[in-house]
$ cat protein-v4.pdb   # PDB, C-alpha atoms
ATOM      1  CA  MET A   1     111.518  71.334  88.495
ATOM      2  CA  ASP A   2     109.925  71.408  85.066
ATOM      3  CA  TYR A   3     107.692  74.419  85.768
ATOM      4  CA  ARG A   4     110.757  76.513  86.550
ATOM      5  CA  ARG A   5     112.433  75.292  83.359
ATOM      6  CA  GLY A   6     109.577  76.284  81.081
ATOM      7  CA  VAL A   7     107.585  73.014  80.810
ATOM      8  CA  VAL A   8     104.131  73.722  82.226
ATOM      9  CA  THR A   9     101.963  70.787  83.277
ATOM     10  CA  GLY A  10      99.265  70.472  85.915
ATOM     11  CA  GLU A  11     101.572  68.375  88.082
ATOM     12  CA  SER A  12     104.545  70.740  87.822
ATOM     13  CA  VAL A  13     102.437  73.828  88.610
ATOM     14  CA  TRP A  14     100.767  72.122  91.592
ATOM     15  CA  ARG A  15     104.186  71.153  92.893
ATOM     16  CA  ALA A  16     105.433  74.702  92.361
ATOM     17  CA  ILE A  17     102.531  76.036  94.438
ATOM     18  CA  VAL A  18     103.296  73.613  97.265
ATOM     19  CA  LEU A  19     107.065  74.211  97.080
ATOM     20  CA  TYR A  20     107.307  77.901  96.305
ATOM     21  CA  GLY A  21     104.014  79.448  97.392
ATOM     22  CA  ALA A  22     104.037  81.707 100.432
ATOM     23  CA  ASN A  23     103.722  80.177 103.907
ATOM     24  CA  SER A  24     102.398  82.463 106.611
ATOM     25  CA  ALA A  25     100.231  79.607 107.881
ATOM     26  CA  THR A  26      99.793  75.971 106.924
ATOM     27  CA  TYR A  27      96.289  76.562 105.535
ATOM     28  CA  LYS A  28      97.708  76.013 102.021
ATOM     29  CA  PHE A  29      98.597  72.399 102.718
ATOM     30  CA  ALA A  30      95.224  71.522 104.248
ATOM     31  CA  PHE A  31      93.422  73.336 101.448
ATOM     32  CA  GLY A  32      95.403  71.589  98.712
ATOM     33  CA  ALA A  33      94.839  68.160 100.243
ATOM     34  CA  THR A  34      91.117  68.902 100.574
ATOM     35  CA  LEU A  35      90.863  70.018  96.942
ATOM     36  CA  LEU A  36      92.509  66.810  95.716
ATOM     37  CA  ASP A  37      90.127  64.727  97.857
ATOM     38  CA  VAL A  38      87.066  66.453  96.404
ATOM     39  CA  ALA A  39      88.396  66.413  92.839
ATOM     40  CA  ALA A  40      89.036  62.666  93.078
ATOM     41  CA  THR A  41      85.245  62.168  93.312
ATOM     42  CA  GLY A  42      84.832  63.785  89.888
ATOM     43  CA  ARG A  43      82.727  66.688  91.128
ATOM     44  CA  ASN A  44      83.284  70.022  89.420
ATOM     45  CA  ARG A  45      81.526  72.260  91.940
ATOM     46  CA  VAL A  46      81.849  72.354  95.725
ATOM     47  CA  THR A  47      80.527  74.708  98.399
ATOM     48  CA  LEU A  48      82.488  76.046 101.346
ATOM     49  CA  GLU A  49      80.177  74.057 103.637
ATOM     50  CA  GLU A  50      81.256  70.895 101.830
ATOM     51  CA  LEU A  51      84.944  71.803 101.963
ATOM     52  CA  ALA A  52      84.885  72.757 105.639
ATOM     53  CA  PRO A  53      84.787  69.321 107.373
ATOM     54  CA  ARG A  54      87.900  67.839 105.753
ATOM     55  CA  TYR A  55      89.790  71.144 105.745
ATOM     56  CA  ALA A  56      89.129  71.693 109.467
ATOM     57  CA  GLU A  57      89.911  68.065 110.262
ATOM     58  CA  LEU A  58      93.372  68.308 108.702
ATOM     59  CA  LEU A  59      94.218  71.479 110.604
ATOM     60  CA  CYS A  60      92.926  70.066 113.892
ATOM     61  CA  GLN A  61      95.131  67.006 113.368
ATOM     62  CA  ALA A  62      98.082  69.275 112.601
ATOM     63  CA  LEU A  63      97.558  71.260 115.801
ATOM     64  CA  HIS A  64      97.653  68.017 117.770
ATOM     65  CA  ARG A  65     100.946  67.208 116.051
ATOM     66  CA  GLN A  66     102.484  70.676 116.372
ATOM     67  CA  PRO A  67     100.772  73.613 118.142
ATOM     68  CA  ARG A  68     102.367  76.217 115.889
ATOM     69  CA  GLN A  69     100.734  76.305 112.467
ATOM     70  CA  GLY A  70     101.349  79.915 111.459
ATOM     71  CA  THR A  71     103.612  82.911 111.833
ATOM     72  CA  ALA A  72     100.928  85.364 113.008
ATOM     73  CA  ALA A  73     100.577  86.064 116.719
ATOM     74  CA  SER A  74      96.966  84.889 116.614
ATOM     75  CA  SER A  75      94.376  83.386 114.274
ATOM     76  CA  LYS A  76      90.662  83.234 115.043
ATOM     77  CA  PHE A  77      90.295  80.191 112.824
ATOM     78  CA  LEU A  78      93.188  78.257 114.377
ATOM     79  CA  ASP A  79      91.924  79.286 117.806
ATOM     80  CA  ALA A  80      88.569  77.706 116.923
ATOM     81  CA  CYS A  81      90.380  74.513 115.944
ATOM     82  CA  ARG A  82      92.279  74.549 119.235
ATOM     83  CA  VAL A  83      89.061  75.018 121.209
ATOM     84  CA  PHE A  84      87.536  72.096 119.314
ATOM     85  CA  ASN A  85      90.572  69.940 120.106
ATOM     86  CA  ALA A  86      90.118  70.820 123.772
ATOM     87  CA  GLY A  87      86.542  69.523 123.629
ATOM     88  CA  GLU A  88      85.029  72.965 124.192
ATOM     89  CA  LEU A  89      83.445  73.396 120.745
ATOM     90  CA  ASP A  90      81.148  70.992 118.931
ATOM     91  CA  ARG A  91      81.806  69.829 115.381
ATOM     92  CA  ASP A  92      78.913  71.724 113.799
ATOM     93  CA  GLU A  93      80.114  74.995 115.307
ATOM     94  CA  LEU A  94      83.682  74.250 114.161
ATOM     95  CA  HIS A  95      82.434  73.783 110.617
ATOM     96  CA  ARG A  96      80.404  76.997 110.798
ATOM     97  CA  ARG A  97      83.455  78.937 111.951
ATOM     98  CA  THR A  98      85.567  77.263 109.276
ATOM     99  CA  VAL A  99      83.194  78.557 106.593
ATOM    100  CA  GLN A 100      83.177  81.997 108.220
ATOM    101  CA  LEU A 101      86.931  82.308 108.953
ATOM    102  CA  GLY A 102      88.968  79.521 107.388
ATOM    103  CA  PHE A 103      88.849  80.433 103.699
ATOM    104  CA  ASN A 104      89.271  84.204 103.880
ATOM    105  CA  ASN A 105      92.799  84.303 102.481
ATOM    106  CA  VAL A 106      93.707  80.825 101.306
ATOM    107  CA  ILE A 107      91.430  80.711  98.244
ATOM    108  CA  ASP A 108      93.023  83.851  96.811
ATOM    109  CA  ALA A 109      96.575  83.037  97.956
ATOM    110  CA  PHE A 110      96.777  79.352  97.000
ATOM    111  CA  PRO A 111      97.356  79.840  93.238
ATOM    112  CA  GLN A 112     100.025  82.526  93.750
ATOM    113  CA  ILE A 113     103.651  81.777  92.845
ATOM    114  CA  GLY A 114     106.286  84.480  93.205
ATOM    115  CA  GLY A 115     103.662  87.179  93.574
ATOM    116  CA  GLY A 116     101.794  86.265  90.370
ATOM    117  CA  GLN A 117      99.068  83.886  89.264
ATOM    118  CA  ALA A 118     100.069  80.302  88.518
ATOM    119  CA  PRO A 119      99.971  79.477  84.786
ATOM    120  CA  VAL A 120      97.413  76.700  85.306
ATOM    121  CA  CYS A 121      93.981  77.487  86.779
ATOM    122  CA  PHE A 122      92.712  74.784  89.124
ATOM    123  CA  TYR A 123      89.455  76.425  90.252
ATOM    124  CA  GLU A 124      87.206  79.449  89.877
ATOM    125  CA  ASP A 125      86.161  81.419  92.935
ATOM    126  CA  GLN A 126      82.355  81.545  93.131
ATOM    127  CA  ARG A 127      82.046  82.933  96.650
ATOM    128  CA  ARG A 128      80.608  86.301  95.633
ATOM    129  CA  ASN A 129      78.255  85.551  92.787
ATOM    130  CA  SER A 130      76.516  82.360  93.806
ATOM    131  CA  ALA A 131      73.590  81.430  96.041
ATOM    132  CA  ALA A 132      75.820  78.639  97.418
ATOM    133  CA  PRO A 133      79.303  80.182  97.755
ATOM    134  CA  GLY A 134      82.092  77.829  96.753
ATOM    135  CA  LEU A 135      84.422  76.832  93.951
ATOM    136  CA  VAL A 136      84.113  75.531  90.406
ATOM    137  CA  LEU A 137      86.822  72.923  89.906
ATOM    138  CA  ARG A 138      88.550  73.160  86.538
ATOM    139  CA  ASP A 139      89.525  70.232  84.321
ATOM    140  CA  ALA A 140      93.205  70.652  85.258
ATOM    141  CA  LEU A 141      92.425  69.787  88.883
ATOM    142  CA  LEU A 142      90.031  66.958  88.037
ATOM    143  CA  GLU A 143      92.621  65.395  85.730
ATOM    144  CA  LEU A 144      95.356  65.822  88.324
ATOM    145  CA  ALA A 145      93.281  64.081  91.014
ATOM    146  CA  ARG A 146      92.698  61.112  88.677
ATOM    147  CA  SER A 147      96.309  60.883  87.518
ATOM    148  CA  VAL A 148      99.046  58.529  88.617
ATOM    149  CA  HIS A 149     100.701  61.539  90.279
ATOM    150  CA  ALA A 150      97.914  62.084  92.851
ATOM    151  CA  ARG A 151      99.375  59.816  95.530
ATOM    152  CA  ASP A 152     102.823  61.373  95.165
ATOM    153  CA  LEU A 153     101.354  64.879  95.393
ATOM    154  CA  ASP A 154      99.629  64.002  98.666
ATOM    155  CA  ALA A 155     102.895  62.647 100.086
ATOM    156  CA  GLU A 156     104.866  65.677  98.889
ATOM    157  CA  THR A 157     102.352  68.085 100.430
ATOM    158  CA  ALA A 158     102.559  66.212 103.741
ATOM    159  CA  ALA A 159     106.364  66.288 103.612
ATOM    160  CA  ARG A 160     106.457  70.020 102.911
ATOM    161  CA  TRP A 161     103.966  70.586 105.747
ATOM    162  CA  ARG A 162     106.203  68.704 108.225
ATOM    163  CA  LEU A 163     109.239  70.722 107.143
ATOM    164  CA  VAL A 164     107.409  74.014 107.655
ATOM    165  CA  GLU A 165     106.171  72.889 111.075
ATOM    166  CA  THR A 166     109.665  71.825 112.109
ATOM    167  CA  ALA A 167     111.184  75.098 110.948
ATOM    168  CA  TRP A 168     108.680  77.154 112.948
ATOM    169  CA  ALA A 169     108.659  74.922 116.003
ATOM    170  CA  THR A 170     112.427  74.627 116.442
ATOM    171  CA  GLY A 171     113.449  78.138 115.448
ATOM    172  CA  ILE A 172     115.061  77.485 112.109
ATOM    173  CA  SER A 173     118.022  79.806 112.621
ATOM    174  CA  GLU A 174     119.229  77.688 115.546
ATOM    175  CA  ALA A 175     117.984  74.119 115.657
ATOM    176  CA  VAL A 176     118.003  73.472 111.922
ATOM    177  CA  LEU A 177     121.250  75.324 111.311
ATOM    178  CA  VAL A 178     123.242  73.669 114.064
ATOM    179  CA  PRO A 179     123.142  70.768 113.672
ATOM    180  CA  PRO A 180     121.824  70.351 110.125
ATOM    181  CA  LEU A 181     119.153  67.987 108.900
ATOM    182  CA  LEU A 182     120.682  64.616 108.057
ATOM    183  CA  TYR A 183     119.499  61.536 106.192
ATOM    184  CA  ASP A 184     118.727  58.364 108.136
ATOM    185  CA  PRO A 185     118.989  55.439 105.676
ATOM    186  CA  ASP A 186     117.282  53.063 108.118
ATOM    187  CA  THR A 187     114.054  55.086 108.284
ATOM    188  CA  GLN A 188     114.399  56.885 104.907
ATOM    189  CA  HIS A 189     113.676  60.124 106.808
ATOM    190  CA  LEU A 190     115.328  63.451 107.356
ATOM    191  CA  VAL A 191     116.258  63.705 111.017
ATOM    192  CA  LEU A 192     117.126  66.645 113.217
ATOM    193  CA  GLN A 193     120.110  65.580 115.300
ATOM    194  CA  THR A 194     120.199  67.220 118.717
ATOM    195  CA  ARG A 195     122.429  66.461 121.669
ATOM    196  CA  GLN A 196     119.582  64.586 123.316
ATOM    197  CA  ARG A 197     118.035  62.649 120.446
ATOM    198  CA  ARG A 198     117.349  62.258 116.756
ATOM    199  CA  LYS A 199     113.980  63.681 115.757
ATOM    200  CA  SER A 200     112.393  62.336 112.577
ATOM    201  CA  VAL A 201     111.082  65.210 110.465
ATOM    202  CA  THR A 202     109.695  63.790 107.230
ATOM    203  CA  GLY A 203     110.245  61.197 104.551
ATOM    204  CA  VAL A 204     113.110  62.392 102.395
ATOM    205  CA  ALA A 205     111.744  60.927  99.147
ATOM    206  CA  ALA A 206     108.528  62.954  99.330
ATOM    207  CA  ALA A 207     110.454  66.070 100.350
ATOM    208  CA  LEU A 208     112.703  65.790  97.279
ATOM    209  CA  ASN A 209     110.211  64.496  94.731
ATOM    210  CA  GLY A 210     108.257  67.746  94.529
ATOM    211  CA  TYR A 211     111.265  69.631  93.215
ATOM    212  CA  GLN A 212     112.138  66.907  90.721
ATOM    213  CA  ASP A 213     108.552  66.695  89.431
ATOM    214  CA  GLY A 214     108.653  62.918  89.708
ATOM    215  CA  ARG A 215     111.679  62.651  87.394
ATOM    216  CA  CYS A 216     115.047  61.002  87.925
ATOM    217  CA  ALA A 217     117.762  63.534  88.754
ATOM    218  CA  TYR A 218     120.138  61.849  86.299
ATOM    219  CA  CYS A 219     118.224  60.636  83.232
ATOM    220  CA  ASN A 220     115.290  63.080  83.595
ATOM    221  CA  GLN A 221     112.769  60.297  82.932
ATOM    222  CA  VAL A 222     109.533  59.983  84.922
ATOM    223  CA  MET A 223     110.155  57.477  87.695
ATOM    224  CA  ALA A 224     107.808  54.506  87.882
ATOM    225  CA  GLN A 225     106.188  53.370  91.119
ATOM    226  CA  ASP A 226     107.048  49.669  90.912
ATOM    227  CA  ALA A 227     109.766  47.958  92.904
ATOM    228  CA  THR A 228     111.944  47.328  89.843
ATOM    229  CA  THR A 229     112.247  50.827  88.375
ATOM    230  CA  GLY A 230     110.914  53.084  91.138
ATOM    231  CA  SER A 231     112.781  55.903  92.883
ATOM    232  CA  VAL A 232     115.536  55.632  95.479
ATOM    233  CA  VAL A 233     117.332  58.219  97.603
ATOM    234  CA  GLU A 234     120.706  58.732  95.999
ATOM    235  CA  HIS A 235     123.930  60.256  97.361
ATOM    236  CA  VAL A 236     125.351  62.363  94.511
ATOM    237  CA  LEU A 237     128.856  62.222  95.952
ATOM    238  CA  PRO A 238     128.902  58.590  97.067
ATOM    239  CA  TRP A 239     128.235  57.450 100.609
ATOM    240  CA  LYS A 240     131.418  55.377 100.227
ATOM    241  CA  LEU A 241     133.358  58.603 100.854
ATOM    242  CA  LYS A 242     132.483  58.162 104.546
ATOM    243  CA  THR A 243     134.835  55.165 104.537
ATOM    244  CA  ARG A 244     137.677  57.334 103.181
ATOM    245  CA  PRO A 245     139.606  60.232 104.800
ATOM    246  CA  TRP A 246     136.858  62.608 103.662
ATOM    247  CA  SER A 247     137.169  66.260 104.735
ATOM    248  CA  GLY A 248     134.275  67.738 102.756
ATOM    249  CA  PRO A 249     130.715  68.518 103.906
ATOM    250  CA  ASP A 250     128.621  65.644 105.293
ATOM    251  CA  VAL A 251     127.511  63.482 102.368
ATOM    252  CA  ASP A 252     124.436  62.362 104.356
ATOM    253  CA  ALA A 253     123.063  65.917 104.410
ATOM    254  CA  ILE A 254     120.300  67.237 102.167
ATOM    255  CA  TRP A 255     122.631  69.197  99.841
ATOM    256  CA  ASN A 256     123.937  65.867  98.482
ATOM    257  CA  LEU A 257     120.668  63.907  98.238
ATOM    258  CA  VAL A 258     118.527  63.477  95.130
ATOM    259  CA  LEU A 259     116.033  60.936  93.869
ATOM    260  CA  SER A 260     117.035  58.665  91.025
ATOM    261  CA  CYS A 261     115.404  55.778  89.221
ATOM    262  CA  LYS A 262     116.746  52.371  90.181
ATOM    263  CA  PRO A 263     118.460  51.735  86.829
ATOM    264  CA  CYS A 264     120.496  54.953  87.193
ATOM    265  CA  ASN A 265     121.199  54.217  90.849
ATOM    266  CA  GLN A 266     122.467  50.743  90.001
ATOM    267  CA  ALA A 267     124.530  51.993  87.061
ATOM    268  CA  LYS A 268     126.109  54.813  89.062
ATOM    269  CA  GLN A 269     127.060  52.638  92.074
ATOM    270  CA  ASP A 270     129.866  54.123  94.199
ATOM    271  CA  ARG A 271     130.856  56.824  91.725
ATOM    272  CA  ALA A 272     130.364  60.549  91.412
ATOM    273  CA  PRO A 273     128.465  61.739  88.340
ATOM    274  CA  HIS A 274     130.417  63.379  85.534
ATOM    275  CA  GLU A 275     131.219  67.008  86.340
ATOM    276  CA  THR A 276     128.977  68.219  83.485
ATOM    277  CA  TRP A 277     125.964  67.022  85.522
ATOM    278  CA  MET A 278     126.918  68.852  88.728
ATOM    279  CA  PRO A 279     125.376  72.248  87.795
ATOM    280  CA  TRP A 280     121.960  70.574  88.167
ATOM    281  CA  LEU A 281     122.637  69.883  91.840
ATOM    282  CA  GLU A 282     123.979  73.392  92.382
ATOM    283  CA  GLN A 283     120.880  74.881  90.718
ATOM    284  CA  ARG A 284     118.564  72.624  92.751
ATOM    285  CA  ASN A 285     120.107  73.797  96.001
ATOM    286  CA  ASN A 286     120.044  77.450  94.909
ATOM    287  CA  ASP A 287     116.407  77.185  93.796
ATOM    288  CA  LEU A 288     115.335  75.844  97.193
ATOM    289  CA  ILE A 289     117.329  78.518  99.020
ATOM    290  CA  GLU A 290     116.031  81.393  96.885
ATOM    291  CA  SER A 291     112.426  80.209  97.243
ATOM    292  CA  ARG A 292     112.730  80.344 101.058
ATOM    293  CA  HIS A 293     111.962  76.646 101.208
ATOM    294  CA  PRO A 294     112.002  75.230 104.767
ATOM    295  CA  LEU A 295     115.244  73.468 103.873
ATOM    296  CA  ARG A 296     116.817  76.826 103.054
ATOM    297  CA  GLU A 297     118.655  77.290 106.343
ATOM    298  CA  ALA A 298     119.937  73.719 106.409
ATOM    299  CA  LEU A 299     121.247  74.020 102.845
ATOM    300  CA  MET A 300     122.967  77.321 103.612
ATOM    301  CA  ALA A 301     124.527  75.865 106.742
ATOM    302  CA  GLN A 302     125.829  72.900 104.771
ATOM    303  CA  THR A 303     127.093  74.697 101.648
ATOM    304  CA  GLY A 304     127.362  78.456 102.275
ATOM    305  CA  GLU A 305     125.505  81.725 102.744
ATOM    306  CA  THR A 306     125.919  83.011  99.172
ATOM    307  CA  ALA A 307     125.715  81.482  95.703
ATOM    308  CA  ALA A 308     129.423  82.160  95.178
ATOM    309  CA  ILE A 309     130.406  80.359  98.383
ATOM    310  CA  ARG A 310     128.071  77.461  97.542
ATOM    311  CA  HIS A 311     129.624  77.169  94.093
ATOM    312  CA  HIS A 312     133.110  77.011  95.628
ATOM    313  CA  THR A 313     131.992  74.510  98.290
ATOM    314  CA  LEU A 314     130.458  72.186  95.714
ATOM    315  CA  LYS A 315     133.432  72.515  93.362
ATOM    316  CA  ARG A 316     135.884  71.666  96.146
ATOM    317  CA  ALA A 317     133.744  68.773  97.402
ATOM    318  CA  TYR A 318     133.597  67.337  93.885
ATOM    319  CA  GLN A 319     137.360  67.696  93.514
ATOM    320  CA  TRP A 320     137.999  65.904  96.815
ATOM    321  CA  ALA A 321     135.478  63.187  95.959
ATOM    322  CA  THR A 322     137.027  62.438  92.593
ATOM    323  CA  GLU A 323     140.518  62.392  94.069
ATOM    324  CA  LEU A 324     139.393  59.692  96.504
ATOM    325  CA  LEU A 325     137.139  57.876  93.999
ATOM    326  CA  PRO A 326     138.565  58.844  90.597
ATOM    327  CA  ILE A 327     136.280  56.773  88.335
ATOM    328  CA  VAL A 328     133.161  58.813  87.514
ATOM    329  CA  TRP A 329     129.821  57.901  85.951
ATOM    330  CA  THR A 330     128.258  59.680  82.978
ATOM    331  CA  PRO A 331     124.439  59.963  83.124
ATOM    332  CA  PRO A 332     122.448  58.623  80.139
ATOM    333  CA  ALA A 333     122.207  60.613  76.908
ATOM    334  CA  GLY A 334     119.415  63.163  77.066
ATOM    335  CA  ALA A 335     119.886  63.897  80.758
ATOM    336  CA  HIS A 336     119.487  67.520  81.840
ATOM    337  CA  ILE A 337     123.167  68.342  82.207
ATOM    338  CA  SER A 338     124.660  71.744  81.484
TER     339      SER A 338
END

$ encode --input "protein-v4.pdb" --output "structure tokens"
Amino acid sequence: MDYRRGVVTGESVWRAIVLYGANSATYKFAFGATLLDVAATGRNRVTLEELAPRYAELLCQALHRQPRQGTAASSKFLDACRVFNAGELDRDELHRRTVQLGFNNVIDAFPQIGGGQAPVCFYEDQRRNSAAPGLVLRDALLELARSVHARDLDAETAARWRLVETAWATGISEAVLVPPLLYDPDTQHLVLQTRQRRKSVTGVAAALNGYQDGRCAYCNQVMAQDATTGSVVEHVLPWKLKTRPWSGPDVDAIWNLVLSCKPCNQAKQDRAPHETWMPWLEQRNNDLIESRHPLREALMAQTGETAAIRHHTLKRAYQWATELLPIVWTPPAGAHIS
């Protein structure tokens, strides 16, 4: 994504926080969604008491959806949410406990990427030097909440949240590794294929868009939201390979999926991109693996445990693909190819 390639914008840094920030609990996702909700009202100051209702609501909903929302053996705050869900705690007391327990770590941890502070400041912590402890929301956050990206950021946060939940709930080293996450074109979702059933995990477009920073994987242009030029899920090595004697890795798996604008998708058709573009896909997969993204285990299962093996796997897959479908497509001039 652009933040990792040196272009710093509010959107790219927010996406980097959601994608690459630490996950010991899903507080980050609820907190980020709550901040965007408040910022959309135009307010530049908010107290913890005002943040608590929406923040707690999102985590209570998440616990209904998936009981495991953290890696720690216990959490007093999540326990309070569970007691509320069971009808044994009233809403006022939940909000009081949220103020007391729910923000202890997330306010400091949210803007951390790779152990350091994010290059864009979204808020100032006023918990210790104010009569009404809370946050001062900076212009970067207010502008982000008013931007055309806000809806996408909400969807991307929700997608990342579902992936983290699925990884923790299923035991990522087993259920996500074997079998891998696959793409269901009918539902536009990633699905976890088990012997018993197919479990929908999250919308694949939102899961991928955060990494791409809203840009087409091929032409690197910001993708519009309208039906004519908006984004589509694209198989890098064409889906048509499934109709050939294909012996490479599953082309419906996440390693081979990107988002493209519709003009590029229509121009590419049933062709592989030119080989000079392929390092982008390899770097995308390596970035997600190295960041310990929830898709990490699935990507490693599909393409290899090490960067060297993944490079060989992708090189061989491309060779097989272009032997079966020899006519390739060159992305537009100005695309981010290496």

$ closest_atom_pairs --input "protein-v4.pdb" --of "range 38-110 of chain A" --to "range 142-163 of chain A" --cutoff "12 Å" --atoms "all atoms listed in the file" --output "CSV"
residue,atom,partner,partner_atom,distance
A:Val38,CA,A:Ala145,CA,8.6
A:Ala39,CA,A:Leu142,CA,5.1
A:Ala40,CA,A:Ala145,CA,4.9
A:Thr41,CA,A:Ala145,CA,8.6
A:Gly42,CA,A:Leu142,CA,6.4
A:Arg43,CA,A:Leu142,CA,7.9
A:Asn44,CA,A:Leu142,CA,7.5
A:Arg45,CA,A:Leu142,CA,10.8
A:Leu58,CA,A:Ala158,CA,10.6
A:Leu59,CA,A:Trp161,CA,10.9
A:Ala62,CA,A:Trp161,CA,9.1
A:Leu63,CA,A:Arg162,CA,11.8
A:Arg65,CA,A:Arg162,CA,9.5
A:Gln66,CA,A:Arg162,CA,9.2
A:Arg68,CA,A:Arg162,CA,11.4
A:Gln69,CA,A:Trp161,CA,9.4
A:Gly70,CA,A:Trp161,CA,11.2

$ closest_residue --input "protein-v4.pdb" --among "A:Asp125, A:Glu275, A:Glu297, A:Asp287" --to "Val328 in chain A" --atoms "only C-alpha atoms"
A:Glu275

$ closest_residue --input "protein-v4.pdb" --among "A:Gly21, A:Gly210, A:Pro249, A:Pro294" --to "Arg310 in chain A" --atoms "all atoms listed in the file"
A:Pro249

$ closest_residue --input "protein-v4.pdb" --among "A:Val99, A:Ala253, A:Val83, A:Val18" --to "Gly114 in chain A" --atoms "all atoms listed in the file"
A:Val18

$ closest_residue --input "protein-v4.pdb" --among "A:Thr187, A:Asn265, A:Thr202, A:Asn286" --to "Cys219 in chain A" --atoms "only C-alpha atoms"
A:Asn265

$ atom_distance --input "protein-v4.pdb" --atom1 "CA of Trp280 in chain A" --atom2 "CA of Gln188 in chain A"
22.9 Å

$ residues_around --input "protein-v4.pdb" --residues "Ala16 in chain A" --least-positions-apart "2" --cutoff "9 Å" --atoms "all atoms listed in the file" --output "list in words"
Met1, Tyr3, Arg4, Glu11, Ser12, Val13, Trp14, Val18, Leu19, Tyr20, Gly21, Ile113, Ala118, Gly210 and Tyr211 of chain A

$ closest_residue --input "protein-v4.pdb" --among "A:Arg292, A:Gln221, A:His189, A:Tyr123" --to "Ser24 in chain A" --atoms "all atoms listed in the file"
A:Arg292

$ atom_distance --input "protein-v4.pdb" --atom1 "CA of Leu241 in chain A" --atom2 "CA of Ile327 in chain A"
13.0 Å

$ resolve_selection --input "protein-v4.pdb" --expression "the PyMOL selection byres ((chain A and resi 267-269) around 9)" --output "PyMOL selection string"
chain A and resi 238+262-266+270-273+328-331

$ closest_residue --input "protein-v4.pdb" --among "A:Pro119, A:Gly102, A:Pro332, A:Gly203" --to "Val191 in chain A" --atoms "all atoms listed in the file"
A:Gly203

$ atom_distance --input "protein-v4.pdb" --atom1 "CA of Glu57 in chain A" --atom2 "CA of Asp92 in chain A"
12.1 Å

$ resolve_selection --input "protein-v4.pdb" --expression "the PyMOL selection byres ((chain A and resi 252) around 8)" --output "list in words"
Leu182, Tyr183, Asp184, His235, Trp239, Asp250, Val251, Ala253, Ile254, Asn256 and Leu257 of chain A

$ resolve_selection --input "protein-v4.pdb" --expression "the PyMOL selection byres ((chain A and resi 136) around 12)" --output "PDB file with C-alpha atoms, in the frame of the given file"
ATOM      1  CA  LEU A  35      90.863  70.018  96.942  1.00  0.00           C
ATOM      2  CA  VAL A  38      87.066  66.453  96.404  1.00  0.00           C
ATOM      3  CA  ALA A  39      88.396  66.413  92.839  1.00  0.00           C
ATOM      4  CA  GLY A  42      84.832  63.785  89.888  1.00  0.00           C
ATOM      5  CA  ARG A  43      82.727  66.688  91.128  1.00  0.00           C
ATOM      6  CA  ASN A  44      83.284  70.022  89.420  1.00  0.00           C
ATOM      7  CA  ARG A  45      81.526  72.260  91.940  1.00  0.00           C
ATOM      8  CA  VAL A  46      81.849  72.354  95.725  1.00  0.00           C
ATOM      9  CA  THR A  47      80.527  74.708  98.399  1.00  0.00           C
ATOM     10  CA  LEU A  48      82.488  76.046 101.346  1.00  0.00           C
ATOM     11  CA  ILE A 107      91.430  80.711  98.244  1.00  0.00           C
ATOM     12  CA  CYS A 121      93.981  77.487  86.779  1.00  0.00           C
ATOM     13  CA  PHE A 122      92.712  74.784  89.124  1.00  0.00           C
ATOM     14  CA  TYR A 123      89.455  76.425  90.252  1.00  0.00           C
ATOM     15  CA  GLU A 124      87.206  79.449  89.877  1.00  0.00           C
ATOM     16  CA  ASP A 125      86.161  81.419  92.935  1.00  0.00           C
ATOM     17  CA  GLN A 126      82.355  81.545  93.131  1.00  0.00           C
ATOM     18  CA  ARG A 127      82.046  82.933  96.650  1.00  0.00           C
ATOM     19  CA  ASN A 129      78.255  85.551  92.787  1.00  0.00           C
ATOM     20  CA  SER A 130      76.516  82.360  93.806  1.00  0.00           C
ATOM     21  CA  ALA A 132      75.820  78.639  97.418  1.00  0.00           C
ATOM     22  CA  PRO A 133      79.303  80.182  97.755  1.00  0.00           C
ATOM     23  CA  GLY A 134      82.092  77.829  96.753  1.00  0.00           C
ATOM     24  CA  LEU A 135      84.422  76.832  93.951  1.00  0.00           C
ATOM     25  CA  LEU A 137      86.822  72.923  89.906  1.00  0.00           C
ATOM     26  CA  ARG A 138      88.550  73.160  86.538  1.00  0.00           C
ATOM     27  CA  ASP A 139      89.525  70.232  84.321  1.00  0.00           C
ATOM     28  CA  ALA A 140      93.205  70.652  85.258  1.00  0.00           C
ATOM     29  CA  LEU A 141      92.425  69.787  88.883  1.00  0.00           C
ATOM     30  CA  LEU A 142      90.031  66.958  88.037  1.00  0.00           C
TER      31      LEU A 142
END

$ residues_around --input "protein-v4.pdb" --residues "range 95-98 of chain A" --least-positions-apart "6" --cutoff "7 Å" --atoms "all atoms listed in the file" --output "ChimeraX atom specification"
/A:52-53,56,77

$ axis_aligned_box --input "protein-v4.pdb" --around "range 183-189 of chain A" --padding-each-side "6 Å" --output "AutoDock Vina command-line options"
--center_x 116.6 --center_y 57.3 --center_z 106.6 --size_x 17.8 --size_y 20.5 --size_z 15.4
